[in-house]
Amino acid sequence: MAASIQPQVGELLAEARRAFREEFGAEPELAVSAPGRVNLIGEHTDYNQGLVLPMALELLTILVGSPREDGLVSLLTTSADADEPQRLQFPLPTAQRSLEPGTPRWANYVKGVIQHYPDAGAVVARARVCQQAEHSFAGVPCGIMDQLVALLGQKGHALLIDCRSLETSLVPLSDPKVAVLITNSNIRHSLGSSEYPLRRRQCEEVARALGKESLREVQLEELEAGRELVSKEGFRRARHVVGEIQRTAQAAAALSRGDYRAFGRLMVESHHSLRDDYEVSCPELDQLVEAALSVPGVYGSRMTGGGFGGCTVTLLEASAASRAMQHIRGHYSGTATFYLSQPADGAKVLHL
């Protein structure tokens, strides 16, 4: 069966409070939570100022803390996956002294947010700060999708994000007869870390060659007409992005009218484009998608995320979930981990 990711918030909060008491000898004064996310469709479009359609997950990260007066920050993680040390202390940044990324790696994103947060105000500005932290401290030139859906996600809805204007709109996904299954391949190819910035650079080069600010400005007809201006590889990369932006708009409209079959077809088209034109899939992800699509009751399936491993996302009838997991497990050469989730709320302050 799938791991249940409906979190026992009380249990997580109790664990965090216990760790805080043991470390600092007092009760924390505040607690917040933020969700994980999965992108339903719209892959590698965010940094091209395109459209994305993620949803917040019922998987949570909880943070507790208290203010202190000595100008220091003390961090402690309870994650079993974090690199050592699990404790870290450093002074707050000042006009004369900036924080820098380093080891342990798990703390870099937190340090980056602390460094940049004085610039934040409105919700979108907060998302920008977190994006900046990921760029400069975690070393990932990501788009704005993760940060926006973590802030603005709402239960029972996916979130359509225009990564050019940063406008968002909620798309209903609350039908109890439909489920979202996330399948972790538990594979991560080292290729990913070098190929992601390369893809981004290729997209920027094509946009420049066509005289556009970004691939968001390009129509498929324009790309075809300018084919001789770009490399064959660049053309394929851009064809994925331009087509994916169009698919994402169509998928949001299909979801709004409850047309899950149309949505599923667009998911499959997305996967094929990511596999063939953008070349960020891998045999394990292709295997998981093919296995899912052979199960009755599955509307669509695709790789999700940066690629070269990681997860697939599948839209299916809720009644088919157990059958799908059993079938995928039997037809996958590796060891898959499953998560079923409904769309969840974004970041929030918790009551202690």
# chains A, B, ... in the order shown; residues from 1 in each chain; ligands from 1
$ select_by_dssp --residues "range 114-247 of chain A" --states "helix (DSSP H, G or I)" --output "PyMOL selection string"
chain A and resi 114-119+123-136+145-152+191-209+215-217+220-225+227-229+232-247
$ residues_around --residues "Val149 in chain A" --least-positions-apart "2" --cutoff "8 Å" --atoms "only C-alpha atoms" --output "list in words"
Arg37, Pro54, Met55, Ala56, Met145, Asp146, Gln147, Leu151, Leu152, Gly153, Leu159 and Gly346 of chain A
$ write_last_selection --atoms "N, CA and C atoms" --output "compact mmCIF listing (two decimals), in the first residue's frame"
# COMPACT_ATOMS: atom_id res chain seq x y z
N ARG A 37 5.26 19.73 -2.55
CA ARG A 37 4.43 20.01 -3.72
C ARG A 37 4.70 18.98 -4.80
N PRO A 54 1.02 23.25 -10.32
CA PRO A 54 1.34 22.37 -9.18
C PRO A 54 0.19 22.32 -8.17
N MET A 55 0.35 21.44 -7.19
CA MET A 55 -0.53 21.45 -6.02
C MET A 55 0.32 21.20 -4.79
N ALA A 56 -0.09 21.79 -3.67
CA ALA A 56 0.58 21.54 -2.40
C ALA A 56 0.18 20.16 -1.89
N MET A 145 8.03 28.44 -9.10
CA MET A 145 6.86 27.59 -8.85
C MET A 145 6.80 27.04 -7.42
N ASP A 146 7.87 26.42 -6.98
CA ASP A 146 7.85 25.75 -5.67
C ASP A 146 7.48 26.73 -4.57
N GLN A 147 8.08 27.90 -4.62
CA GLN A 147 7.89 28.87 -3.56
C GLN A 147 6.46 29.42 -3.55
N LEU A 151 3.42 28.80 -0.64
CA LEU A 151 2.78 29.91 0.06
C LEU A 151 1.28 29.98 -0.20
N LEU A 152 0.86 29.71 -1.44
CA LEU A 152 -0.51 30.03 -1.85
C LEU A 152 -1.41 28.83 -2.10
N GLY A 153 -0.87 27.62 -1.94
CA GLY A 153 -1.69 26.43 -2.16
C GLY A 153 -2.92 26.42 -1.27
N LEU A 159 -2.93 24.94 -8.39
CA LEU A 159 -2.65 26.37 -8.52
C LEU A 159 -2.00 26.63 -9.88
N GLY A 346 -1.27 25.80 1.83
CA GLY A 346 0.10 26.29 1.83
C GLY A 346 0.63 26.53 3.23
$ residues_around --residues "Tyr47 in chain A" --least-positions-apart "5" --cutoff "12 Å" --atoms "only C-alpha atoms" --output "PyMOL selection string"
chain A and resi 42+52+131+140-146+162-164+166+196-197+199-204+213-216+241+245+306
$ write_last_selection --atoms "N, CA, C and O atoms" --output "mmCIF file, in the first residue's frame"
data_model
loop_
_atom_site.group_PDB
_atom_site.id
_atom_site.type_symbol
_atom_site.label_atom_id
_atom_site.label_comp_id
_atom_site.auth_asym_id
_atom_site.auth_seq_id
_atom_site.Cartn_x
_atom_site.Cartn_y
_atom_site.Cartn_z
ATOM 1 N N GLY A 42 3.411 21.107 -16.675
ATOM 2 C CA GLY A 42 4.119 22.383 -16.842
ATOM 3 C C GLY A 42 5.549 22.246 -16.361
ATOM 4 O O GLY A 42 5.954 22.891 -15.405
ATOM 5 N N VAL A 52 2.662 26.914 -15.091
ATOM 6 C CA VAL A 52 2.835 25.666 -14.346
ATOM 7 C C VAL A 52 1.557 25.394 -13.567
ATOM 8 O O VAL A 52 0.795 26.313 -13.251
ATOM 9 N N GLN A 131 13.246 31.971 -3.570
ATOM 10 C CA GLN A 131 13.859 31.610 -4.842
ATOM 11 C C GLN A 131 15.313 32.079 -4.888
ATOM 12 O O GLN A 131 16.212 31.342 -5.314
ATOM 13 N N VAL A 140 20.797 26.059 -7.042
ATOM 14 C CA VAL A 140 19.853 25.562 -8.049
ATOM 15 C C VAL A 140 19.179 26.752 -8.725
ATOM 16 O O VAL A 140 18.464 27.511 -8.063
ATOM 17 N N PRO A 141 19.366 26.932 -10.044
ATOM 18 C CA PRO A 141 18.770 28.085 -10.731
ATOM 19 C C PRO A 141 17.301 27.848 -11.063
ATOM 20 O O PRO A 141 16.885 27.855 -12.218
ATOM 21 N N CYS A 142 16.484 27.638 -10.029
ATOM 22 C CA CYS A 142 15.089 27.220 -10.204
ATOM 23 C C CYS A 142 14.198 28.397 -10.578
ATOM 24 O O CYS A 142 14.562 29.561 -10.454
ATOM 25 N N GLY A 143 12.992 28.060 -11.026
ATOM 26 C CA GLY A 143 11.961 29.064 -11.237
ATOM 27 C C GLY A 143 11.262 29.383 -9.929
ATOM 28 O O GLY A 143 11.750 29.060 -8.838
ATOM 29 N N ILE A 144 10.070 29.965 -10.023
ATOM 30 C CA ILE A 144 9.360 30.477 -8.844
ATOM 31 C C ILE A 144 8.228 29.546 -8.390
ATOM 32 O O ILE A 144 7.572 29.801 -7.389
ATOM 33 N N MET A 145 8.028 28.437 -9.103
ATOM 34 C CA MET A 145 6.859 27.588 -8.851
ATOM 35 C C MET A 145 6.803 27.045 -7.423
ATOM 36 O O MET A 145 5.782 27.170 -6.742
ATOM 37 N N ASP A 146 7.869 26.419 -6.978
ATOM 38 C CA ASP A 146 7.854 25.755 -5.667
ATOM 39 C C ASP A 146 7.478 26.733 -4.567
ATOM 40 O O ASP A 146 6.666 26.437 -3.688
ATOM 41 N N ASP A 162 1.227 31.821 -13.525
ATOM 42 C CA ASP A 162 1.849 32.472 -14.674
ATOM 43 C C ASP A 162 3.198 32.992 -14.192
ATOM 44 O O ASP A 162 3.259 33.952 -13.421
ATOM 45 N N CYS A 163 4.267 32.358 -14.615
ATOM 46 C CA CYS A 163 5.596 32.686 -14.092
ATOM 47 C C CYS A 163 6.166 33.965 -14.697
ATOM 48 O O CYS A 163 7.249 34.405 -14.293
ATOM 49 N N ARG A 164 5.455 34.583 -15.624
ATOM 50 C CA ARG A 164 5.857 35.886 -16.153
ATOM 51 C C ARG A 164 5.250 37.005 -15.314
ATOM 52 O O ARG A 164 5.956 37.885 -14.833
ATOM 53 N N LEU A 166 3.409 36.426 -12.484
ATOM 54 C CA LEU A 166 3.241 35.910 -11.123
ATOM 55 C C LEU A 166 1.774 35.936 -10.687
ATOM 56 O O LEU A 166 1.476 35.858 -9.497
ATOM 57 N N TYR A 196 20.537 20.411 -15.797
ATOM 58 C CA TYR A 196 19.506 21.417 -15.533
ATOM 59 C C TYR A 196 19.953 22.814 -15.966
ATOM 60 O O TYR A 196 19.264 23.474 -16.761
ATOM 61 N N PRO A 197 21.108 23.308 -15.503
ATOM 62 C CA PRO A 197 21.546 24.634 -15.965
ATOM 63 C C PRO A 197 21.820 24.672 -17.462
ATOM 64 O O PRO A 197 21.635 25.714 -18.100
ATOM 65 N N ARG A 199 20.075 23.034 -19.791
ATOM 66 C CA ARG A 199 18.773 23.216 -20.444
ATOM 67 C C ARG A 199 18.336 24.676 -20.353
ATOM 68 O O ARG A 199 17.812 25.239 -21.324
ATOM 69 N N ARG A 200 18.529 25.259 -19.219
ATOM 70 C CA ARG A 200 18.126 26.655 -19.037
ATOM 71 C C ARG A 200 18.894 27.565 -20.007
ATOM 72 O O ARG A 200 18.314 28.460 -20.637
ATOM 73 N N ARG A 201 20.173 27.298 -20.138
ATOM 74 C CA ARG A 201 21.004 28.112 -21.035
ATOM 75 C C ARG A 201 20.574 27.921 -22.496
ATOM 76 O O ARG A 201 20.507 28.886 -23.265
ATOM 77 N N GLN A 202 20.253 26.688 -22.867
ATOM 78 C CA GLN A 202 19.805 26.420 -24.235
ATOM 79 C C GLN A 202 18.514 27.179 -24.554
ATOM 80 O O GLN A 202 18.360 27.736 -25.645
ATOM 81 N N CYS A 203 17.596 27.202 -23.597
ATOM 82 C CA CYS A 203 16.328 27.919 -23.797
ATOM 83 C C CYS A 203 16.572 29.417 -23.984
ATOM 84 O O CYS A 203 15.969 30.060 -24.857
ATOM 85 N N GLU A 204 17.458 29.966 -23.176
ATOM 86 C CA GLU A 204 17.772 31.394 -23.281
ATOM 87 C C GLU A 204 18.417 31.724 -24.623
ATOM 88 O O GLU A 204 18.135 32.768 -25.226
ATOM 89 N N GLU A 213 12.290 37.917 -25.442
ATOM 90 C CA GLU A 213 12.784 37.988 -24.066
ATOM 91 C C GLU A 213 12.882 36.602 -23.448
ATOM 92 O O GLU A 213 13.795 36.302 -22.687
ATOM 93 N N SER A 214 11.910 35.760 -23.748
ATOM 94 C CA SER A 214 11.891 34.388 -23.219
ATOM 95 C C SER A 214 11.067 33.523 -24.161
ATOM 96 O O SER A 214 10.379 34.036 -25.061
ATOM 97 N N LEU A 215 11.106 32.213 -23.947
ATOM 98 C CA LEU A 215 10.323 31.304 -24.795
ATOM 99 C C LEU A 215 8.819 31.481 -24.587
ATOM 100 O O LEU A 215 8.030 31.016 -25.406
ATOM 101 N N ARG A 216 8.421 32.155 -23.505
ATOM 102 C CA ARG A 216 6.998 32.463 -23.313
ATOM 103 C C ARG A 216 6.452 33.309 -24.467
ATOM 104 O O ARG A 216 5.272 33.252 -24.790
ATOM 105 N N VAL A 241 9.276 23.330 -24.541
ATOM 106 C CA VAL A 241 8.813 24.407 -23.650
ATOM 107 C C VAL A 241 7.593 25.107 -24.227
ATOM 108 O O VAL A 241 6.584 25.311 -23.521
ATOM 109 N N ILE A 245 3.854 24.896 -22.437
ATOM 110 C CA ILE A 245 3.087 26.046 -21.964
ATOM 111 C C ILE A 245 1.654 25.953 -22.487
ATOM 112 O O ILE A 245 0.685 26.170 -21.742
ATOM 113 N N GLY A 306 12.627 17.936 -12.057
ATOM 114 C CA GLY A 306 13.728 18.244 -12.961
ATOM 115 C C GLY A 306 14.088 17.122 -13.905
ATOM 116 O O GLY A 306 14.572 17.347 -15.007
#
$ residues_around --residues "Tyr278 in chain A" --least-positions-apart "6" --cutoff "9 Å" --atoms "only C-alpha atoms" --output "list in words"
His44, Arg199, Glu233, Arg236, Arg237, Ala238, Arg239, His240 and Val241 of chain A
$ write_last_selection --atoms "C-alpha atoms" --output "PDB file, in the first residue's frame"
ATOM      1  CA  HIS A  44      10.749  23.224 -17.261  1.00  0.00           C
ATOM      2  CA  ARG A 199      18.773  23.216 -20.444  1.00  0.00           C
ATOM      3  CA  GLU A 233      19.093  20.394 -30.148  1.00  0.00           C
ATOM      4  CA  ARG A 236      13.886  20.444 -29.694  1.00  0.00           C
ATOM      5  CA  ARG A 237      14.396  21.997 -26.263  1.00  0.00           C
ATOM      6  CA  ALA A 238      12.338  25.030 -27.263  1.00  0.00           C
ATOM      7  CA  ARG A 239       9.661  22.887 -28.905  1.00  0.00           C
ATOM      8  CA  HIS A 240       9.102  21.155 -25.600  1.00  0.00           C
ATOM      9  CA  VAL A 241       8.813  24.407 -23.650  1.00  0.00           C
TER      10      VAL A 241
END
$ residues_around --residues "range 292-297 of chain A" --least-positions-apart "2" --cutoff "10 Å" --atoms "only C-alpha atoms" --output "PyMOL selection string"
chain A and resi 178+181+183+264+268+286-290+299-302+312-321+323-329+331
$ closest_residue --among "A:Ser33, A:Ser256, A:Gln49, A:Thr78" --to "Val242 in chain A" --atoms "only C-alpha atoms"
A:Gln49
$ residues_around --residues "range 80-92 of chain A" --least-positions-apart "5" --cutoff "8 Å" --atoms "only C-alpha atoms" --output "compact mmCIF listing (two decimals) with N, CA and C atoms, in the first residue's frame"
# COMPACT_ATOMS: atom_id res chain seq x y z
N GLY A 71 21.98 37.91 19.07
CA GLY A 71 22.42 38.07 17.68
C GLY A 71 22.87 36.78 17.02
N LEU A 72 22.61 35.65 17.65
CA LEU A 72 22.99 34.36 17.09
C LEU A 72 21.76 33.60 16.59
N VAL A 73 21.99 32.71 15.64
CA VAL A 73 20.97 31.79 15.16
C VAL A 73 21.45 30.38 15.46
N SER A 74 20.62 29.59 16.12
CA SER A 74 20.93 28.18 16.37
C SER A 74 19.92 27.32 15.63
N LEU A 75 20.42 26.41 14.82
CA LEU A 75 19.56 25.52 14.04
C LEU A 75 19.80 24.08 14.45
N LEU A 99 25.98 36.12 5.33
CA LEU A 99 26.07 34.67 5.47
C LEU A 99 26.55 34.07 4.15
N PRO A 104 26.94 22.23 7.19
CA PRO A 104 26.19 21.18 6.51
C PRO A 104 25.28 21.75 5.41
N ARG A 105 25.05 20.94 4.38
CA ARG A 105 24.29 21.42 3.23
C ARG A 105 22.82 21.67 3.56
N TRP A 106 22.26 20.88 4.52
CA TRP A 106 20.83 21.03 4.83
C TRP A 106 20.50 22.44 5.32
N ALA A 107 21.49 23.13 5.87
CA ALA A 107 21.24 24.46 6.45
C ALA A 107 21.35 25.59 5.43
N ILE A 114 17.38 33.58 5.54
CA ILE A 114 17.72 34.55 6.59
C ILE A 114 18.49 35.73 5.99
$ closest_residue --among "A:Ser66, A:Pro172, A:Ser185, A:Thr335" --to "Ala253 in chain A" --atoms "only C-alpha atoms"
A:Pro172
$ atom_distance --atom1 "CA of Ser270 in chain A" --atom2 "CA of Asp46 in chain A"
14.6 Å
